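Okay, so here's the structure we're looking at.
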Amino acid sequence: MSNEATNLALITDEVSEAELLRARVRAEIENCLSQSAAAKEIGISQSSLSQWLSDVYQGSASRIAARMEKWLETRHERRLQATTLPALPAFAQTQVARRILSALSYAQSTADLAVIYGAAGVGKTMAAREYARRHSNVWLVTVTPATAALGAFLERIAVACGVRLSSRRCSVVETSIINRMTDSGGLLIVDEANHLKTRTVEEARALYDASGVGLVLMGNEQVYSQMHRTAQAAAFAQLFSRVGKRVHLTGAAKSDAGVLLKKFGACTAADARAFLAEIAGQPGALRGMLQVARLGCVLAGGREVGVEHLEQAYLNLKKAA
């Protein structure tokens, strides 16, 4: 074969490989994704993905092809995991969940202040998300160390309320939020409120007073103990005196493990469920139980999940922690 023919064959192979990769990516997107969602997963802009699919991309062909291959491999591995790893239930009507939903409903309907605090892993956040999904004008804001300062806290609330900010000045953002909330009959839920600093606590109270919406502070034991211990201090006294309902969650109810496992749909053997129920009574509660159950499903490899798989999963996760 002449050099010219060899070069032509190589070019043809490269073209066919590129076209085959594009066809695989198109098929993956058409199967279950939008282009915008796919671009986000791949880590490129939607316009770059569109250009690459149309074979008009001007950037490095080899670099973007490598990204596509990695993405397809990741999606493939995720599908394989899904065959042995049941999805976590979005929400289950446990006794703890009913207490939380009741408190949220009370706070919204009466425009009162409630505090929900206590053990981790019992489903506080999941219940709050479910309540927000079912009801209008419910704004769920999760505080993190990065958003505990006043400006960041206000911006997070504004985003939750759908307020478009014309300025980042705290006074302007606050006014926009109050205008949105006033006469809305809404509810502001502040999750992980244990991260709140003095100024953000005062701001939460100010928004509550000015807008007339319900307010719920939700988090660990520190949420309530911080207010209780310092109730005589000016920063917390005004908020503490306004608390109309307090819900202290000391752990999951005994029946909650069974309700959640039924929703989970795996680990059906009686001894396996009894083992998981014991884990639900430990720190980490229902969240820890589901982590062990899911890893147990992976270790079972498609077979019925037994106590031996769950024990191995528990030890594995305990060592990792």
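Simple scheme: letters A, B, ... for chains in structure tokens order, numbers from 1 for residues in each chain, numbers from 1 for ligands in the order shown.
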
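Using only C-alpha atoms, the contacts of Val96 in chain A at a cut-off of 9 Å, with sequence neighbours closer than 5 positions omitted, comprise Leu101, Val122, Gly123, Lys124, Ala127, Leu249, Gly251, Ala252, Ala253 and Asp256 of chain A.
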
Neighbour list for range 25-29 of chain A as an NGL selection string, cut-off 9 Å, only C-alpha atoms, skip fewer than 2 positions in-chain: :A and (20-23 or 31-35 or 37-38 or 53 or 68-69 or 71-72 or 75)

Kindly save the residues from that selection, with all heavy atoms included, as a short mmCIF file (atom, residue, chain, number, x, y, z; two decimals), in the first residue's frame.
```cif
data_model
loop_
_atom_site.label_atom_id
_atom_site.label_comp_id
_atom_site.auth_asym_id
_atom_site.auth_seq_id
_atom_site.Cartn_x
_atom_site.Cartn_y
_atom_site.Cartn_z
N LEU A 20 -18.32 7.56 15.58
CA LEU A 20 -18.87 6.53 16.46
C LEU A 20 -19.02 7.07 17.88
O LEU A 20 -20.03 6.83 18.55
CB LEU A 20 -17.95 5.30 16.46
CG LEU A 20 -18.36 4.15 17.39
CD1 LEU A 20 -19.73 3.61 17.00
CD2 LEU A 20 -17.32 3.03 17.34
N LEU A 21 -18.03 7.82 18.36
CA LEU A 21 -18.10 8.42 19.70
C LEU A 21 -19.26 9.41 19.77
O LEU A 21 -20.00 9.44 20.76
CB LEU A 21 -16.79 9.11 20.04
CG LEU A 21 -16.70 9.78 21.42
CD1 LEU A 21 -16.98 8.76 22.53
CD2 LEU A 21 -15.33 10.42 21.62
N ARG A 22 -19.42 10.22 18.72
CA ARG A 22 -20.54 11.17 18.70
C ARG A 22 -21.88 10.43 18.75
O ARG A 22 -22.82 10.85 19.43
CB ARG A 22 -20.47 12.06 17.46
CG ARG A 22 -19.81 13.41 17.71
CD ARG A 22 -19.96 14.33 16.51
NE ARG A 22 -19.04 13.95 15.46
CZ ARG A 22 -17.78 14.38 15.38
NH1 ARG A 22 -17.32 15.20 16.30
NH2 ARG A 22 -17.00 14.00 14.40
N ALA A 23 -21.96 9.33 18.01
CA ALA A 23 -23.20 8.55 17.99
C ALA A 23 -23.50 7.97 19.37
O ALA A 23 -24.66 7.96 19.82
CB ALA A 23 -23.09 7.44 16.96
N ASN A 31 -31.39 8.96 25.41
CA ASN A 31 -31.95 7.92 26.26
C ASN A 31 -32.55 8.49 27.55
O ASN A 31 -33.62 8.07 27.98
CB ASN A 31 -30.88 6.88 26.59
CG ASN A 31 -31.42 5.71 27.37
OD1 ASN A 31 -32.51 5.23 27.11
ND2 ASN A 31 -30.67 5.27 28.36
N CYS A 32 -31.85 9.47 28.16
CA CYS A 32 -32.34 9.88 29.48
C CYS A 32 -31.95 11.29 29.92
O CYS A 32 -32.19 11.65 31.08
CB CYS A 32 -31.83 8.90 30.55
SG CYS A 32 -30.04 8.69 30.53
N LEU A 33 -31.37 12.10 29.03
CA LEU A 33 -30.88 13.40 29.47
C LEU A 33 -31.20 14.50 28.47
O LEU A 33 -31.46 14.24 27.30
CB LEU A 33 -29.34 13.37 29.63
CG LEU A 33 -28.75 12.67 30.85
CD1 LEU A 33 -27.24 12.61 30.70
CD2 LEU A 33 -29.12 13.39 32.12
N SER A 34 -31.15 15.72 28.96
CA SER A 34 -31.17 16.89 28.08
C SER A 34 -29.72 17.25 27.79
O SER A 34 -28.80 16.84 28.51
CB SER A 34 -31.86 18.07 28.76
OG SER A 34 -31.14 18.49 29.90
N GLN A 35 -29.49 18.05 26.76
CA GLN A 35 -28.12 18.46 26.44
C GLN A 35 -27.52 19.28 27.57
O GLN A 35 -26.34 19.15 27.88
CB GLN A 35 -28.09 19.27 25.14
CG GLN A 35 -27.95 18.41 23.90
CD GLN A 35 -27.46 19.20 22.69
OE1 GLN A 35 -26.83 20.23 22.82
NE2 GLN A 35 -27.77 18.70 21.50
N ALA A 37 -28.18 19.07 30.80
CA ALA A 37 -27.83 18.19 31.91
C ALA A 37 -26.58 17.38 31.57
O ALA A 37 -25.71 17.17 32.42
CB ALA A 37 -28.99 17.26 32.22
N ALA A 38 -26.49 16.91 30.32
CA ALA A 38 -25.31 16.14 29.90
C ALA A 38 -24.06 17.01 29.96
O ALA A 38 -23.01 16.56 30.43
CB ALA A 38 -25.52 15.60 28.49
N LEU A 53 -21.10 17.90 18.94
CA LEU A 53 -22.05 16.96 18.34
C LEU A 53 -22.30 17.27 16.87
O LEU A 53 -22.59 16.38 16.07
CB LEU A 53 -23.37 16.97 19.11
CG LEU A 53 -23.34 16.34 20.50
CD1 LEU A 53 -24.65 16.61 21.24
CD2 LEU A 53 -23.08 14.83 20.42
N MET A 68 -15.50 12.87 26.82
CA MET A 68 -16.70 12.11 26.44
C MET A 68 -16.55 10.64 26.82
O MET A 68 -17.50 10.02 27.32
CB MET A 68 -16.95 12.23 24.93
CG MET A 68 -17.21 13.64 24.44
SD MET A 68 -18.66 14.38 25.25
CE MET A 68 -18.54 16.06 24.62
N GLU A 69 -15.37 10.09 26.57
CA GLU A 69 -15.13 8.68 26.92
C GLU A 69 -15.26 8.46 28.43
O GLU A 69 -15.87 7.49 28.87
CB GLU A 69 -13.74 8.25 26.45
CG GLU A 69 -13.59 8.16 24.94
CD GLU A 69 -14.22 6.90 24.36
OE1 GLU A 69 -14.92 6.18 25.09
OE2 GLU A 69 -14.03 6.65 23.15
N TRP A 71 -16.97 10.27 30.51
CA TRP A 71 -18.37 10.45 30.89
C TRP A 71 -19.18 9.20 30.58
O TRP A 71 -19.98 8.74 31.42
CB TRP A 71 -18.95 11.66 30.16
CG TRP A 71 -20.40 11.89 30.43
CD1 TRP A 71 -20.97 12.25 31.61
CD2 TRP A 71 -21.48 11.77 29.49
NE1 TRP A 71 -22.34 12.37 31.47
CE2 TRP A 71 -22.68 12.07 30.18
CE3 TRP A 71 -21.55 11.44 28.14
CZ2 TRP A 71 -23.93 12.06 29.56
CZ3 TRP A 71 -22.79 11.42 27.52
CH2 TRP A 71 -23.96 11.72 28.23
N LEU A 72 -18.98 8.63 29.39
CA LEU A 72 -19.72 7.43 29.02
C LEU A 72 -19.38 6.26 29.95
O LEU A 72 -20.26 5.49 30.34
CB LEU A 72 -19.40 7.04 27.57
CG LEU A 72 -19.99 7.96 26.49
CD1 LEU A 72 -19.40 7.60 25.12
CD2 LEU A 72 -21.51 7.88 26.44
N ARG A 75 -21.16 6.84 33.28
CA ARG A 75 -22.58 6.51 33.16
C ARG A 75 -22.80 5.00 33.15
O ARG A 75 -23.75 4.49 33.75
CB ARG A 75 -23.16 7.12 31.88
CG ARG A 75 -23.10 8.63 31.79
CD ARG A 75 -24.20 9.33 32.50
NE ARG A 75 -25.50 8.95 32.01
CZ ARG A 75 -26.65 9.43 32.50
NH1 ARG A 75 -26.63 10.28 33.51
NH2 ARG A 75 -27.81 9.05 32.01
#
```

Give me the residues near Gly185 in chain A as a ChimeraX atom specification, where near means some atom within 8 Å (using only C-alpha atoms) and where sequence neighbours in that chain fewer than 3 positions away do not count. /A:108-109,111,137,181-182,212-214

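By only C-alpha atoms, and with residues fewer than 3 positions from Ser62 in chain A along its chain excluded, the set lying at most 12 Å from it is Glu14, Glu17, Ala18, Leu21, Trp52, Tyr57, Gln58, Gly59, Ala65, Ala66, Arg67, Met68 and Glu69 of chain A.
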
Requested write-out: C-alpha atoms of the selected residues, as a PDB file, in the first residue's frame:
```
ATOM      1  CA  GLU A  14     -10.018   8.599  12.834  1.00  0.00           C
ATOM      2  CA  GLU A  17     -13.960   6.662  15.497  1.00  0.00           C
ATOM      3  CA  ALA A  18     -14.980  10.277  16.046  1.00  0.00           C
ATOM      4  CA  LEU A  21     -18.101   8.416  19.696  1.00  0.00           C
ATOM      5  CA  TRP A  52     -18.939  18.978  19.187  1.00  0.00           C
ATOM      6  CA  TYR A  57     -16.042  22.331  17.583  1.00  0.00           C
ATOM      7  CA  GLN A  58     -12.907  24.489  17.243  1.00  0.00           C
ATOM      8  CA  GLY A  59     -11.127  23.354  20.410  1.00  0.00           C
ATOM      9  CA  ALA A  65     -13.055  13.195  23.098  1.00  0.00           C
ATOM     10  CA  ALA A  66     -11.278  12.036  26.260  1.00  0.00           C
ATOM     11  CA  ARG A  67     -13.910  13.842  28.359  1.00  0.00           C
ATOM     12  CA  MET A  68     -16.697  12.108  26.438  1.00  0.00           C
ATOM     13  CA  GLU A  69     -15.130   8.678  26.917  1.00  0.00           C
TER      14      GLU A  69
END
```

Spatial neighbours of range 298-312 of chain A, max dist 12 Å, only C-alpha atoms, sep filter under 2 positions, as a compact mmCIF listing (two decimals) with N, CA and C atoms, in the first residue's frame:
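Dumped everything to part05.txt:
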```txt
# COMPACT_ATOMS: atom_id res chain seq x y z
N LEU A 80 -24.48 -0.06 36.18
CA LEU A 80 -24.15 -1.35 36.78
C LEU A 80 -24.41 -1.34 38.28
N GLN A 81 -24.03 -0.23 38.94
CA GLN A 81 -24.28 -0.10 40.37
C GLN A 81 -25.77 -0.13 40.67
N ALA A 82 -26.55 0.50 39.81
CA ALA A 82 -27.99 0.61 40.04
C ALA A 82 -28.68 -0.76 40.03
N THR A 83 -28.07 -1.74 39.37
CA THR A 83 -28.68 -3.07 39.33
C THR A 83 -28.59 -3.77 40.67
N THR A 84 -27.60 -3.40 41.50
CA THR A 84 -27.45 -4.02 42.82
C THR A 84 -27.64 -3.04 43.96
N LEU A 85 -27.78 -1.77 43.64
CA LEU A 85 -27.88 -0.74 44.68
C LEU A 85 -29.23 -0.04 44.59
N PRO A 86 -30.20 -0.45 45.40
CA PRO A 86 -31.53 0.18 45.34
C PRO A 86 -31.44 1.66 45.68
N ALA A 87 -32.29 2.44 45.04
CA ALA A 87 -32.30 3.88 45.30
C ALA A 87 -32.85 4.16 46.70
N GLY A 265 -37.56 -1.30 50.01
CA GLY A 265 -37.88 -2.42 49.14
C GLY A 265 -36.82 -3.49 49.05
N ALA A 266 -35.81 -3.44 49.88
CA ALA A 266 -34.77 -4.47 49.89
C ALA A 266 -34.57 -4.95 51.32
N CYS A 267 -33.70 -5.96 51.50
CA CYS A 267 -33.45 -6.51 52.83
C CYS A 267 -34.76 -7.00 53.47
N THR A 268 -35.38 -7.96 52.82
CA THR A 268 -36.71 -8.39 53.24
C THR A 268 -36.70 -9.48 54.31
N ALA A 269 -35.57 -10.17 54.49
CA ALA A 269 -35.51 -11.25 55.48
C ALA A 269 -35.70 -10.68 56.88
N ALA A 270 -36.42 -11.40 57.72
CA ALA A 270 -36.76 -10.92 59.07
C ALA A 270 -35.51 -10.66 59.91
N ASP A 271 -34.52 -11.57 59.83
CA ASP A 271 -33.31 -11.37 60.65
C ASP A 271 -32.49 -10.19 60.14
N ALA A 272 -32.51 -9.96 58.82
CA ALA A 272 -31.80 -8.81 58.25
C ALA A 272 -32.44 -7.51 58.71
N ARG A 273 -33.76 -7.48 58.71
CA ARG A 273 -34.46 -6.25 59.14
C ARG A 273 -34.28 -6.00 60.64
N ALA A 274 -34.21 -7.07 61.42
CA ALA A 274 -33.98 -6.92 62.85
C ALA A 274 -32.59 -6.34 63.10
N PHE A 275 -31.61 -6.80 62.33
CA PHE A 275 -30.25 -6.29 62.46
C PHE A 275 -30.21 -4.80 62.11
N LEU A 276 -30.90 -4.42 61.03
CA LEU A 276 -30.92 -3.02 60.61
C LEU A 276 -31.67 -2.15 61.61
N ALA A 277 -32.72 -2.70 62.22
CA ALA A 277 -33.46 -1.94 63.23
C ALA A 277 -32.58 -1.59 64.42
N GLU A 278 -31.66 -2.49 64.77
CA GLU A 278 -30.72 -2.21 65.86
C GLU A 278 -29.80 -1.04 65.49
N ILE A 279 -29.37 -1.01 64.24
CA ILE A 279 -28.50 0.08 63.78
C ILE A 279 -29.25 1.40 63.82
N GLY A 288 -27.87 6.13 58.95
CA GLY A 288 -26.86 5.10 59.08
C GLY A 288 -27.39 3.73 58.70
N MET A 289 -28.63 3.46 59.06
CA MET A 289 -29.25 2.18 58.73
C MET A 289 -29.32 1.99 57.22
N LEU A 290 -29.73 3.03 56.50
CA LEU A 290 -29.85 2.92 55.04
C LEU A 290 -28.48 2.80 54.38
N GLN A 291 -27.47 3.43 54.93
CA GLN A 291 -26.13 3.28 54.38
C GLN A 291 -25.67 1.83 54.47
N VAL A 292 -25.91 1.21 55.61
CA VAL A 292 -25.54 -0.19 55.78
C VAL A 292 -26.37 -1.07 54.85
N ALA A 293 -27.66 -0.78 54.73
CA ALA A 293 -28.54 -1.58 53.88
C ALA A 293 -28.11 -1.52 52.42
N ARG A 294 -27.75 -0.33 51.95
CA ARG A 294 -27.35 -0.19 50.54
C ARG A 294 -26.04 -0.92 50.26
N LEU A 295 -25.07 -0.76 51.16
CA LEU A 295 -23.80 -1.46 50.94
C LEU A 295 -24.00 -2.96 51.05
N GLY A 296 -24.90 -3.38 51.93
CA GLY A 296 -25.22 -4.80 52.04
C GLY A 296 -25.76 -5.35 50.74
N TYR A 314 -21.58 -3.11 57.75
CA TYR A 314 -21.48 -2.29 58.97
C TYR A 314 -20.04 -2.10 59.40
N LEU A 315 -19.27 -3.20 59.40
CA LEU A 315 -17.87 -3.12 59.79
C LEU A 315 -17.09 -2.28 58.80
N ASN A 316 -17.41 -2.43 57.51
CA ASN A 316 -16.74 -1.68 56.48
C ASN A 316 -16.96 -0.18 56.66
N LEU A 317 -18.19 0.21 56.88
CA LEU A 317 -18.52 1.63 57.05
C LEU A 317 -17.98 2.17 58.37
N LYS A 318 -17.98 1.35 59.39
CA LYS A 318 -17.48 1.78 60.70
C LYS A 318 -15.98 2.05 60.62
N LYS A 319 -15.24 1.18 59.89
CA LYS A 319 -13.81 1.39 59.73
C LYS A 319 -13.53 2.64 58.90
```

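The residues of range 21-214 of chain A that DSSP classifies as strand (DSSP E or B), using the backbone of this structure, are Leu113, Ala114, Val115, Ile116, Tyr117, Gly118, Val138, Trp139, Leu140, Val141, Thr142, Leu187, Leu188, Ile189, Val190, Asp191 and Gly214 of chain A.
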
Counting only C-alpha atoms, the residue of A:Leu196, A:Met126, A:Leu49, A:Leu88 that sits nearest Thr144 in chain A: A:Leu196

If DSSP is run on the backbone, what residues of range 22-185 of chain A are alpha helix (DSSP H)? A reply as a VMD selection string would be ideal. chain A and resid 22 to 32 35 to 42 46 to 53 61 to 84 95 to 110 124 to 134 150 to 161 170 to 181

Report, in Å to a single decimal, how far apart CA of Gly258 in chain A and CA of Ile189 in chain A are. 28.0 Å
